[in-house]
>>> print(open('target31.cif').read())   # mmCIF, C-alpha atoms
data_target
#
loop_
_atom_site.label_atom_id
_atom_site.label_comp_id
_atom_site.auth_asym_id
_atom_site.auth_seq_id
_atom_site.Cartn_x
_atom_site.Cartn_y
_atom_site.Cartn_z
CA MET A 1 -11.70 58.78 17.93
CA LYS A 2 -12.02 56.42 14.96
CA MET A 3 -8.37 55.46 15.42
CA GLN A 4 -9.08 54.50 19.05
CA GLY A 5 -12.00 52.33 17.89
CA THR A 6 -9.77 50.52 15.37
CA GLU A 7 -7.07 49.93 17.98
CA LYS A 8 -9.66 48.59 20.43
CA SER A 9 -11.02 46.26 17.76
CA GLU A 10 -7.50 45.03 16.90
CA GLN A 11 -6.75 44.42 20.57
CA GLY A 12 -9.99 42.42 20.85
CA THR A 13 -8.99 40.36 17.81
CA ASP A 14 -5.54 39.73 19.27
CA ARG A 15 -7.10 38.53 22.54
CA ILE A 16 -9.31 36.07 20.67
CA GLU A 17 -6.32 34.80 18.67
CA LEU A 18 -4.42 34.23 21.90
CA LEU A 19 -7.39 32.46 23.48
CA LEU A 20 -7.73 30.25 20.41
CA ARG A 21 -4.04 29.29 20.56
CA LYS A 22 -4.30 28.48 24.27
CA THR A 23 -7.42 26.37 23.77
CA ILE A 24 -6.49 24.46 20.62
CA PRO A 25 -3.04 22.92 20.37
CA PRO A 26 -1.52 23.02 16.88
CA VAL A 27 -1.29 19.71 15.06
CA GLY A 28 2.16 20.70 13.82
CA GLU A 29 4.57 18.79 11.61
CA GLY A 30 5.58 15.16 11.34
CA HIS A 31 2.24 13.35 11.18
CA GLU A 32 1.81 10.52 8.76
CA PRO A 33 -0.93 8.05 7.89
CA PRO A 34 -1.02 5.14 10.35
CA HIS A 35 -0.52 2.64 7.52
CA ASP A 36 0.31 2.47 3.83
CA LEU A 37 -2.65 3.91 1.91
CA TRP A 38 -1.41 2.87 -1.53
CA PRO A 39 -3.01 -0.64 -1.65
CA ALA A 40 -6.43 0.77 -0.72
CA LEU A 41 -6.05 3.63 -3.21
CA GLN A 42 -5.00 1.21 -5.94
CA ALA A 43 -8.05 -0.97 -5.20
CA ARG A 44 -10.32 2.06 -5.48
CA LEU A 45 -8.69 3.13 -8.72
CA SER A 46 -9.16 -0.29 -10.28
CA ALA A 47 -12.76 -0.49 -8.99
CA GLU A 48 -13.64 2.73 -10.77
CA PRO A 49 -15.11 2.37 -14.26
CA PRO A 50 -12.59 3.25 -16.97
CA HIS A 51 -12.44 6.98 -16.52
CA PRO A 52 -10.64 8.77 -19.30
CA ALA A 53 -9.15 11.91 -17.85
CA ARG A 54 -11.76 14.43 -18.85
CA LEU A 55 -10.94 17.23 -21.23
CA PRO A 56 -12.51 20.60 -20.46
CA SER A 57 -16.17 20.29 -21.46
CA VAL A 58 -17.76 22.64 -23.99
CA PRO A 59 -20.84 24.51 -22.69
CA TRP A 60 -24.16 23.63 -24.38
CA PHE A 61 -24.54 27.23 -25.55
CA ASP A 62 -21.39 26.96 -27.68
CA TRP A 63 -22.70 23.77 -29.30
CA ALA A 64 -26.05 25.49 -30.02
CA LEU A 65 -24.26 28.49 -31.56
CA ALA A 66 -22.15 26.21 -33.76
CA ALA A 67 -25.28 24.31 -34.88
CA CYS A 68 -27.05 27.59 -35.74
CA LEU A 69 -24.07 28.76 -37.79
CA ALA A 70 -23.89 25.44 -39.64
CA LEU A 71 -27.63 25.59 -40.40
CA PHE A 72 -27.30 29.19 -41.57
CA ALA A 73 -24.43 28.22 -43.88
CA LEU A 74 -26.52 25.36 -45.34
CA LEU A 75 -29.59 27.52 -45.91
CA PHE A 76 -27.75 30.59 -47.23
CA PRO A 77 -24.45 29.43 -48.76
CA ALA A 78 -24.06 32.75 -50.58
CA ALA A 79 -23.78 34.50 -47.21
CA VAL A 80 -20.74 32.43 -46.13
CA PRO A 81 -18.06 34.64 -47.78
CA MET A 82 -19.67 37.72 -46.20
CA LEU A 83 -19.75 35.98 -42.81
CA LEU A 84 -16.07 35.03 -43.13
CA TYR A 85 -15.23 38.60 -44.11
CA TYR A 86 -16.72 39.90 -40.88
CA LEU A 87 -15.14 37.27 -38.63
CA MET B 1 28.58 23.58 -9.08
CA ALA B 2 28.20 19.84 -8.79
CA SER B 3 25.20 20.25 -6.54
CA GLY B 4 23.72 22.71 -9.07
CA ILE B 5 24.01 20.09 -11.81
CA GLN B 6 22.54 17.45 -9.51
CA MET B 7 19.65 19.74 -8.64
CA GLY B 8 19.01 20.43 -12.34
CA ALA B 9 18.99 16.70 -13.08
CA LEU B 10 16.62 16.12 -10.18
CA GLN B 11 14.25 18.81 -11.43
CA GLU B 12 14.42 17.42 -14.96
CA HIS B 13 13.65 13.97 -13.63
CA SER B 14 10.83 15.35 -11.61
CA ARG B 15 9.42 17.17 -14.64
CA GLU B 16 9.67 13.96 -16.65
CA GLU B 17 7.88 12.10 -13.87
CA LEU B 18 5.13 14.72 -13.86
CA GLU B 19 4.74 14.33 -17.62
CA HIS B 20 4.40 10.55 -17.14
CA PHE B 21 1.82 11.08 -14.39
CA ARG B 22 -0.15 13.39 -16.66
CA SER B 23 -0.18 10.79 -19.42
CA GLY B 24 -1.66 8.23 -17.00
CA ASP B 25 1.43 6.21 -16.03
CA GLU B 26 0.51 4.36 -12.80
CA ALA B 27 4.12 3.98 -11.65
CA ALA B 28 4.63 7.75 -11.87
CA PHE B 29 1.39 8.29 -9.95
CA GLU B 30 2.50 5.84 -7.25
CA ALA B 31 5.85 7.61 -6.95
CA LEU B 32 4.09 10.95 -6.55
CA PHE B 33 1.66 9.45 -4.03
CA ARG B 34 4.45 7.98 -1.93
CA ARG B 35 6.39 11.25 -1.98
CA HIS B 36 3.46 13.51 -1.10
CA GLN B 37 0.99 11.43 0.93
CA ARG B 38 2.55 12.47 4.23
CA ALA B 39 2.37 16.19 3.42
CA VAL B 40 -1.21 15.88 2.16
CA PHE B 41 -2.28 13.84 5.21
CA GLY B 42 -0.64 16.35 7.59
CA TRP B 43 -2.28 19.29 5.86
CA ILE B 44 -5.76 17.73 5.98
CA LEU B 45 -5.23 16.74 9.62
CA ARG B 46 -4.63 20.40 10.46
CA ILE B 47 -8.11 21.20 9.14
CA VAL B 48 -10.24 18.21 10.19
CA ARG B 49 -8.21 17.28 13.31
CA ASP B 50 -9.27 13.64 13.14
CA PRO B 51 -6.74 11.03 11.89
CA GLY B 52 -9.40 8.64 10.52
CA THR B 53 -11.10 11.38 8.52
CA ALA B 54 -7.72 12.72 7.37
CA GLU B 55 -6.88 9.23 6.07
CA ASP B 56 -10.14 9.01 4.08
CA LEU B 57 -9.73 12.53 2.71
CA THR B 58 -6.11 11.83 1.71
CA MET B 59 -7.39 8.96 -0.44
CA GLU B 60 -10.18 11.16 -1.85
CA THR B 61 -7.62 13.84 -2.66
CA PHE B 62 -5.36 11.46 -4.58
CA LEU B 63 -8.35 9.96 -6.42
CA HIS B 64 -9.30 13.48 -7.46
CA ILE B 65 -5.69 14.21 -8.45
CA HIS B 66 -5.68 11.10 -10.62
CA ARG B 67 -8.95 12.05 -12.31
CA ALA B 68 -7.86 15.66 -12.87
CA ARG B 69 -4.34 14.84 -14.12
CA LEU B 70 -4.92 16.36 -17.58
CA ARG B 71 -5.57 19.73 -15.96
CA PHE B 72 -2.17 19.66 -14.24
CA ASP B 73 0.61 21.71 -15.78
CA PRO B 74 3.90 19.76 -15.37
CA ALA B 75 5.82 23.06 -15.52
CA ARG B 76 4.38 23.96 -12.10
CA ASP B 77 4.96 22.46 -8.65
CA PHE B 78 2.90 19.43 -7.75
CA GLU B 79 2.62 20.06 -4.01
CA PRO B 80 0.71 23.39 -4.05
CA TRP B 81 -1.75 21.87 -6.56
CA ALA B 82 -2.22 18.80 -4.36
CA ARG B 83 -2.59 20.99 -1.26
CA ARG B 84 -5.31 23.02 -2.92
CA ILE B 85 -7.27 19.89 -3.86
CA ALA B 86 -6.78 18.56 -0.32
CA THR B 87 -8.05 21.82 1.18
CA HIS B 88 -11.16 21.72 -0.99
CA ALA B 89 -11.82 18.12 0.06
CA ALA B 90 -11.44 19.07 3.75
CA VAL B 91 -13.68 22.15 3.42
CA ASP B 92 -16.34 20.05 1.65
CA TRP B 93 -16.16 17.57 4.53
CA LEU B 94 -16.62 20.38 7.07
CA ARG B 95 -19.61 21.67 5.09
CA ALA B 96 -21.20 18.22 5.02
CA ARG B 97 -21.01 17.86 8.80
CA ARG B 98 -23.95 18.84 10.95
CA PRO B 99 -23.84 22.58 11.59
CA GLU B 100 -22.88 23.67 15.08
CA THR B 101 -20.87 20.52 15.70
CA PRO B 102 -18.28 21.54 18.28
CA MET B 103 -14.65 21.01 17.41
CA PRO B 104 -13.77 17.43 18.34
CA ASP B 105 -12.03 17.98 21.66
CA GLU B 106 -11.16 14.31 22.13
CA TYR B 107 -9.27 14.22 18.84
CA LEU B 108 -7.11 17.14 19.81
CA ALA B 109 -5.37 15.16 22.49
CA GLU B 110 -4.83 12.33 20.03
CA VAL B 111 -3.19 14.34 17.26
CA ALA B 112 -1.59 17.28 19.00
CA SER B 113 0.62 17.82 21.98
CA PRO B 114 -1.53 19.29 24.77
CA PRO B 115 -1.08 23.01 25.36
CA GLU B 116 0.62 24.37 28.45
CA PRO B 117 -1.99 24.40 31.21
CA ASP B 118 -3.23 27.92 31.75
CA PRO B 119 -4.80 28.41 35.20
CA ALA B 120 -6.80 31.35 33.89
CA LEU B 121 -8.44 29.19 31.23
CA THR B 122 -11.44 27.40 32.71
CA ALA B 123 -12.99 24.25 31.30
CA GLU B 124 -16.10 26.30 30.55
CA THR B 125 -14.11 28.80 28.46
CA ARG B 126 -12.42 25.97 26.62
CA ARG B 127 -15.76 24.34 25.84
CA GLY B 128 -17.14 27.71 24.76
CA VAL B 129 -14.27 28.36 22.37
CA LEU B 130 -14.59 24.90 20.80
CA LEU B 131 -18.34 25.35 20.42
CA ALA B 132 -17.93 28.82 18.88
CA LEU B 133 -15.28 27.55 16.49
CA GLY B 134 -17.58 24.73 15.43
CA ARG B 135 -20.27 27.30 14.64
CA LEU B 136 -18.05 29.29 12.28
CA PRO B 137 -18.75 28.86 8.56
CA PRO B 138 -16.18 26.36 7.16
CA ARG B 139 -14.35 28.94 5.03
CA LEU B 140 -13.74 31.14 8.11
CA ARG B 141 -12.95 28.15 10.35
CA VAL B 142 -10.31 26.85 7.96
CA ALA B 143 -8.66 30.29 7.71
CA ALA B 144 -8.63 30.60 11.52
CA LEU B 145 -7.25 27.09 12.07
CA LEU B 146 -4.49 27.36 9.49
CA ALA B 147 -3.43 30.98 10.01
CA VAL B 148 -3.98 31.37 13.77
CA VAL B 149 -3.80 27.93 15.41
CA GLU B 150 -1.26 26.34 13.06
CA GLU B 151 0.47 29.68 12.36
CA ARG B 152 0.97 28.88 8.69
CA PRO B 153 2.12 31.81 6.52
CA HIS B 154 -0.79 33.74 4.99
CA LYS B 155 0.72 33.19 1.54
CA GLU B 156 0.58 29.41 1.99
CA VAL B 157 -3.00 29.54 3.29
CA ALA B 158 -3.99 31.80 0.38
CA SER B 159 -2.50 29.38 -2.13
CA ALA B 160 -4.27 26.41 -0.52
CA LEU B 161 -7.64 28.19 -0.51
CA GLY B 162 -7.18 29.71 -3.96
CA ILE B 163 -7.65 33.26 -2.67
CA THR B 164 -5.43 36.31 -2.15
CA THR B 165 -3.36 37.00 0.96
CA ALA B 166 -5.58 40.03 1.68
CA ALA B 167 -8.64 37.77 1.54
CA VAL B 168 -7.02 35.40 4.06
CA LYS B 169 -6.40 38.32 6.45
CA LEU B 170 -10.00 39.43 6.02
CA ARG B 171 -11.34 35.92 6.72
CA VAL B 172 -9.20 35.63 9.84
CA PHE B 173 -10.41 39.02 11.05
CA ARG B 174 -14.05 38.08 10.42
CA ALA B 175 -13.56 34.72 12.14
CA MET B 176 -12.10 36.41 15.24
CA ARG B 177 -14.93 38.95 15.33
CA ARG B 178 -17.57 36.21 15.08
CA LEU B 179 -15.83 34.17 17.77
CA ARG B 180 -15.80 37.17 20.09
CA THR B 181 -19.53 37.82 19.52
CA ASP B 182 -20.36 34.15 20.05
CA LEU B 183 -18.33 33.97 23.27
CA GLU B 184 -19.99 37.12 24.58
CA GLN B 185 -23.41 35.60 23.82
CA GLN B 186 -22.36 32.52 25.80
CA GLY B 187 -21.51 34.80 28.70
CA ILE B 188 -17.77 34.27 28.32
CA LYS B 189 -15.67 37.42 28.40
CA PRO B 190 -12.60 36.86 26.22
#
>>> encode(input="target31.cif", output="structure tokens")
Amino acid sequence: MKMQGTEKSEQGTDRIELLLRKTIPPVGEGHEPPHDLWPALQARLSAEPPHPARLPSVPWFDWALAACLALFALLFPAAVPMLLYYL
Amino acid sequence: MASGIQMGALQEHSREELEHFRSGDEAAFEALFRRHQRAVFGWILRIVRDPGTAEDLTMETFLHIHRARLRFDPARDFEPWARRIATHAAVDWLRARRPETPMPDEYLAEVASPPEPDPALTAETRRGVLLALGRLPPRLRVAALLAVVEERPHKEVASALGITTAAVKLRVFRAMRRLRTDLEQQGIKP
């Protein structure tokens, strides 16, 4: 019974796929921009402010953790060897 | 053997070019742009189905590629990476459009060869299908357009969308189910 339901559903899906293909023609291969896009792209690149390629940013939480550790090390220097031991 | 050596040299050159692109060399970027702009434009056109928009999004894609060059691994292929960025740009464009915008019927004739006339397919059904497709969420619409209309391999669609092949199949299935429900609500029996 369940099998019949699945088959019916698949048939319905196939019908929709067929209808979609009949309604919308595929764009297919071989299309290219109507003109050379490089000059416009180059103009946009040079108009952009100097944009150093960004390195992956560090989340604020990591910075806060590092600051806390540094503060802890300053306040309790004797605890540093113990901290290193457990790292 | 000779062709094998040539191929190796070509790949090495290509790898070197990719390294130059990554380090910000404009000539290397131009070479990559000229080699891949057609493929990127064609891919975007399959999703947005409007040549003007595809042109703008091709530029956006290459701007993004230029900005993100440090994240590119020269050991990998450039084209799948570019295609993924292009797909994201096209999906973002679809999301930004007014919801329930029917698929642009007038563009279809401009970019694609018209389908074989089917006497059983009425103008009303055609309009209904385009309207229903326009109502699909962009992520489902893109999967349906690429996998069903354009008949691209599921693996290629998965790579472009950054999802698994199984997820593509699921999206296509959901898209077809939603289309059927929408058409039934419009009084069109598929």
>>> closest_atom_pairs(input="target31.cif", of="chain B", to="chain A", cutoff="9 Å", atoms="all atoms listed in the file", output="tab-separated table")
residue	atom	partner	partner_atom	distance
B:Gly24	CA	A:Ala53	CA	8.4
B:Glu30	CA	A:Trp38	CA	7.5
B:Phe33	CA	A:Trp38	CA	7.7
B:Arg34	CA	A:Trp38	CA	7.8
B:Gln37	CA	A:Glu32	CA	7.9
B:Arg38	CA	A:Glu32	CA	5.0
B:Ala39	CA	A:Glu32	CA	7.8
B:Phe41	CA	A:Glu32	CA	6.4
B:Gly42	CA	A:His31	CA	5.5
B:Trp43	CA	A:Glu29	CA	9.0
B:Leu45	CA	A:Val27	CA	7.3
B:Arg46	CA	A:Val27	CA	5.7
B:Arg49	CA	A:Val27	CA	7.5
B:Pro51	CA	A:Pro33	CA	7.7
B:Gly52	CA	A:Pro33	CA	8.9
B:Ala54	CA	A:Pro33	CA	8.3
B:Glu55	CA	A:Pro33	CA	6.3
B:Thr58	CA	A:Leu37	CA	8.6
B:Met59	CA	A:Leu41	CA	6.2
B:Glu60	CA	A:Leu41	CA	8.7
B:Phe62	CA	A:Leu41	CA	8.0
B:Leu63	CA	A:Leu45	CA	7.2
B:His66	CA	A:Ala53	CA	8.1
B:Arg67	CA	A:Ala53	CA	5.5
B:Ala68	CA	A:Ala53	CA	6.4
B:Arg69	CA	A:Ala53	CA	6.8
B:Leu70	CA	A:Ala53	CA	6.1
B:Arg71	CA	A:Leu55	CA	7.9
B:Asp105	CA	A:Ile24	CA	8.6
B:Leu108	CA	A:Pro25	CA	7.1
B:Ala109	CA	A:Pro25	CA	8.4
B:Val111	CA	A:Val27	CA	6.1
B:Ala112	CA	A:Val27	CA	4.6
B:Ser113	CA	A:Pro25	CA	6.5
B:Pro114	CA	A:Pro25	CA	5.9
B:Pro115	CA	A:Pro25	CA	5.4
B:Glu116	CA	A:Lys22	CA	7.7
B:Pro117	CA	A:Lys22	CA	8.4
B:Asp118	CA	A:Lys22	CA	7.6
B:Leu121	CA	A:Thr23	CA	8.0
B:Thr125	CA	A:Thr23	CA	8.5
B:Arg126	CA	A:Thr23	CA	5.8
B:Arg127	CA	A:Thr23	CA	8.8
B:Val129	CA	A:Leu20	CA	7.1
B:Leu130	CA	A:Thr23	CA	7.9
B:Leu133	CA	A:Leu20	CA	8.9
B:Ala144	CA	A:Glu17	CA	8.6
B:Leu145	CA	A:Pro26	CA	8.5
B:Val148	CA	A:Glu17	CA	6.4
B:Val149	CA	A:Arg21	CA	5.3
B:Glu150	CA	A:Pro26	CA	5.1
B:Glu151	CA	A:Pro26	CA	8.3
B:Phe173	CA	A:Thr13	CA	7.0
B:Met176	CA	A:Thr13	CA	5.6
B:Arg177	CA	A:Thr13	CA	6.6
B:Leu179	CA	A:Ile16	CA	7.4
B:Arg180	CA	A:Ile16	CA	6.6
B:Pro190	CA	A:Ile16	CA	6.5
>>> residues_around(input="target31.cif", residues="Asp77 (chain B)", least_positions_apart="3", cutoff="12 Å", atoms="only C-alpha atoms", output="short mmCIF file (atom, residue, chain, number, x, y, z; two decimals) with C-alpha atoms, in the frame of the given file")
data_model
loop_
_atom_site.label_atom_id
_atom_site.label_comp_id
_atom_site.auth_asym_id
_atom_site.auth_seq_id
_atom_site.Cartn_x
_atom_site.Cartn_y
_atom_site.Cartn_z
CA GLN B 11 14.25 18.81 -11.43
CA SER B 14 10.83 15.35 -11.61
CA ARG B 15 9.42 17.17 -14.64
CA GLU B 17 7.88 12.10 -13.87
CA LEU B 18 5.13 14.72 -13.86
CA LEU B 32 4.09 10.95 -6.55
CA HIS B 36 3.46 13.51 -1.10
CA PHE B 72 -2.17 19.66 -14.24
CA ASP B 73 0.61 21.71 -15.78
CA PRO B 74 3.90 19.76 -15.37
CA PRO B 80 0.71 23.39 -4.05
CA TRP B 81 -1.75 21.87 -6.56
CA ALA B 82 -2.22 18.80 -4.36
CA ARG B 83 -2.59 20.99 -1.26
CA ARG B 84 -5.31 23.02 -2.92
#
>>> closest_residue(input="target31.cif", among="B:Pro153, B:Asp182, B:Ala123, B:Arg174", to="Arg141 (chain B)", atoms="all atoms listed in the file")
B:Arg174
>>> atom_distance(input="target31.cif", atom1="CA of Thr61 (chain B)", atom2="CA of Ala89 (chain B)")
6.6 Å
>>> atom_distance(input="target31.cif", atom1="CA of Arg76 (chain B)", atom2="CA of Arg152 (chain B)")
21.6 Å
>>> closest_residue(input="target31.cif", among="B:Glu26, B:Asp56, B:Glu124, B:Glu16", to="Ala86 (chain B)", atoms="only C-alpha atoms")
B:Asp56
>>> atom_distance(input="target31.cif", atom1="CA of Pro49 (chain A)", atom2="CA of Ala31 (chain B)")
22.8 Å
>>> decode(input="target31.cif", residues="region 12-75 of chain A", atoms="C-alpha atoms", output="short mmCIF file (atom, residue, chain, number, x, y, z; two decimals), in the first residue's frame")
data_model
loop_
_atom_site.label_atom_id
_atom_site.label_comp_id
_atom_site.auth_asym_id
_atom_site.auth_seq_id
_atom_site.Cartn_x
_atom_site.Cartn_y
_atom_site.Cartn_z
CA GLY A 12 3.47 12.89 -10.05
CA THR A 13 6.99 14.29 -9.69
CA ASP A 14 7.96 12.94 -13.11
CA ARG A 15 4.90 14.60 -14.67
CA ILE A 16 5.85 17.95 -13.14
CA GLU A 17 9.43 17.58 -14.37
CA LEU A 18 8.15 16.90 -17.87
CA LEU A 19 5.78 19.87 -17.71
CA LEU A 20 8.63 22.10 -16.53
CA ARG A 21 10.85 20.99 -19.42
CA LYS A 22 8.06 21.61 -21.93
CA THR A 23 7.32 25.06 -20.52
CA ILE A 24 10.85 26.37 -19.98
CA PRO A 25 13.42 25.90 -22.72
CA PRO A 26 16.95 25.21 -21.47
CA VAL A 27 19.46 28.00 -21.92
CA GLY A 28 22.05 25.42 -22.94
CA GLU A 29 25.67 25.92 -23.94
CA GLY A 30 27.50 28.49 -26.00
CA HIS A 31 26.30 31.79 -24.53
CA GLU A 32 28.76 34.55 -23.96
CA PRO A 33 28.63 38.13 -22.72
CA PRO A 34 27.53 40.53 -25.47
CA HIS A 35 30.74 42.55 -25.10
CA ASP A 36 34.11 42.46 -23.40
CA LEU A 37 33.53 42.88 -19.66
CA TRP A 38 37.20 43.30 -18.75
CA PRO A 39 37.43 47.13 -19.17
CA ALA A 40 34.39 47.66 -16.93
CA LEU A 41 35.70 45.16 -14.37
CA GLN A 42 39.11 46.82 -14.39
CA ALA A 43 37.47 50.22 -13.83
CA ARG A 44 35.53 48.84 -10.87
CA LEU A 45 38.65 47.26 -9.43
CA SER A 46 40.60 50.50 -9.63
CA ALA A 47 37.65 52.48 -8.21
CA GLU A 48 37.60 50.29 -5.12
CA PRO A 49 39.59 51.55 -2.14
CA PRO A 50 42.85 49.63 -1.68
CA HIS A 51 41.50 46.35 -0.44
CA PRO A 52 44.13 44.04 0.92
CA ALA A 53 42.92 40.51 0.42
CA ARG A 54 41.51 39.78 3.83
CA LEU A 55 43.00 37.09 6.01
CA PRO A 56 40.54 35.00 8.00
CA SER A 57 39.36 37.22 10.86
CA VAL A 58 39.75 36.19 14.50
CA PRO A 59 36.48 36.13 16.49
CA TRP A 60 36.20 38.71 19.30
CA PHE A 61 35.84 35.89 21.85
CA ASP A 62 39.33 34.60 21.03
CA TRP A 63 40.79 38.08 21.51
CA ALA A 64 38.98 38.41 24.87
CA LEU A 65 40.30 35.00 25.99
CA ALA A 66 43.85 35.96 25.02
CA ALA A 67 43.53 39.27 26.91
CA CYS A 68 42.25 37.45 30.02
CA LEU A 69 45.17 35.00 29.90
CA ALA A 70 47.67 37.84 29.49
CA LEU A 71 46.13 39.71 32.45
CA PHE A 72 46.17 36.53 34.54
CA ALA A 73 49.85 35.98 33.71
CA LEU A 74 50.66 39.58 34.73
CA LEU A 75 48.76 39.38 38.01
#
